[in-house]
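**Q** Quick one: structure below, then a few questions.
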Amino acid sequence: MATTNYDRQETVFYKSFLDEMVEYSLRAHTVRHEFRHLMIENHNLLQQSRGSWVLHHDSVPIEKDADAWADAFY
């Protein structure tokens with residue numbers, strides 16, 4: 001759906017993100033989640049997150065933080 005690069009301060013949303021029949025609230029959550037990855041507070045969690053990305057994506061500190069921030073946004 002999207003890729004974020006902290007060093008370039010860039011997020012790319014793929015065409016499929018807009019083409020998929022996904023309700024607005026889920027898309028908005030994804031935008032907020034990816035935006036959080038551009039913030040230094042989230043980036044600082046990167047060291048704690050290394051190595052566990054593939055097997056435990058949802059429990060990785062950097063991802064948990066981005067989800068919590070996106071959930072608390074509104």
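Ligands are numbered from 1 in the order shown, residues from 1 within each chain, and chains are lettered A, B, ... in the order they appear in the structure tokens.
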Just want the 9 Å neighbourhood of Thr11 in chain A, counted on only C-alpha atoms, with same-chain residues fewer than 6 positions away dropped. Output as a ChimeraX atom specification.

**A** /A:2-5,34-35,37-38

**Q** For His33 in chain A, which residue among A:Ala66, A:Val60, A:Leu18, A:Ala72 is the nearest when counting only C-alpha atoms?

**A**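 Looking only at the distances to His33 in chain A, the closest residue turns out to be A:Ala66.
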
**Q** Measuring between only C-alpha atoms, which one of A:Met1, A:Val22, A:Val12, A:Leu45 shows the shortest distance to Glu63 in chain A?

**A**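 Comparing A:Met1, A:Val22, A:Val12, A:Leu45 against Glu63 in chain A, the winner is A:Leu45.
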
**Q** Could you pull out the residues in chain A that DSSP calls helix (DSSP H, G or I) from the backbone, as a count of residues only?

**A** 41

**Q** Mind checking which residues fall within 7 Å of Asp65 in chain A, counting only C-alpha atoms, ignoring those fewer than 4 positions away in the same chain, and posting them as a PyMOL selection string?

**A** chain A and resi 42+61+69

**Q** Write a file of the just-selected residues containing C-alpha atoms, as a CSV table (one decimal), in the first residue's frame.

**A**
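In the end it all went to selection23.csv:
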chain,number,residue,atom,x,y,z
A,42,ASN,CA,9.1,7.0,15.8
A,61,PRO,CA,8.0,-1.2,18.5
A,69,TRP,CA,-0.4,7.4,17.1

**Q** What is the CA of Phe73 in chain A-CA of Glu41 in chain A distance in Å, reported with one decimal?

**A**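 Interatomic distance here is 15.4 Å.
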
**Q** Using DSSP on the backbone coordinates, identify all residues within chain A classified as strand (DSSP E or B); present the result as an mmCIF file with N, CA, C and O atoms, in the first residue's frame.

**A**
data_model
loop_
_atom_site.group_PDB
_atom_site.id
_atom_site.type_symbol
_atom_site.label_atom_id
_atom_site.label_comp_id
_atom_site.auth_asym_id
_atom_site.auth_seq_id
_atom_site.Cartn_x
_atom_site.Cartn_y
_atom_site.Cartn_z
ATOM 1 N N ALA A 2 1.908 1.285 0.840
ATOM 2 C CA ALA A 2 2.738 2.487 0.943
ATOM 3 C C ALA A 2 4.122 2.121 1.461
ATOM 4 O O ALA A 2 4.287 1.126 2.158
ATOM 5 N N THR A 3 5.081 2.962 1.136
ATOM 6 C CA THR A 3 6.442 2.824 1.634
ATOM 7 C C THR A 3 6.901 4.187 2.122
ATOM 8 O O THR A 3 6.717 5.187 1.429
ATOM 9 N N THR A 4 7.489 4.216 3.322
ATOM 10 C CA THR A 4 7.985 5.472 3.882
ATOM 11 C C THR A 4 9.479 5.381 4.080
ATOM 12 O O THR A 4 9.991 4.373 4.561
ATOM 13 N N ASN A 5 10.173 6.444 3.715
ATOM 14 C CA ASN A 5 11.618 6.534 3.882
ATOM 15 C C ASN A 5 11.902 7.734 4.777
ATOM 16 O O ASN A 5 11.737 8.880 4.354
ATOM 17 N N GLU A 10 9.964 10.978 2.981
ATOM 18 C CA GLU A 10 9.111 10.728 1.824
ATOM 19 C C GLU A 10 8.252 9.492 2.049
ATOM 20 O O GLU A 10 8.739 8.483 2.544
ATOM 21 N N THR A 11 7.003 9.595 1.674
ATOM 22 C CA THR A 11 6.110 8.443 1.657
ATOM 23 C C THR A 11 5.548 8.305 0.256
ATOM 24 O O THR A 11 5.110 9.283 -0.343
ATOM 25 N N VAL A 12 5.569 7.086 -0.254
ATOM 26 C CA VAL A 12 5.000 6.789 -1.563
ATOM 27 C C VAL A 12 3.783 5.900 -1.339
ATOM 28 O O VAL A 12 3.888 4.837 -0.744
ATOM 29 N N PHE A 13 2.638 6.374 -1.806
ATOM 30 C CA PHE A 13 1.419 5.566 -1.782
ATOM 31 C C PHE A 13 1.235 4.992 -3.174
ATOM 32 O O PHE A 13 1.189 5.737 -4.158
#
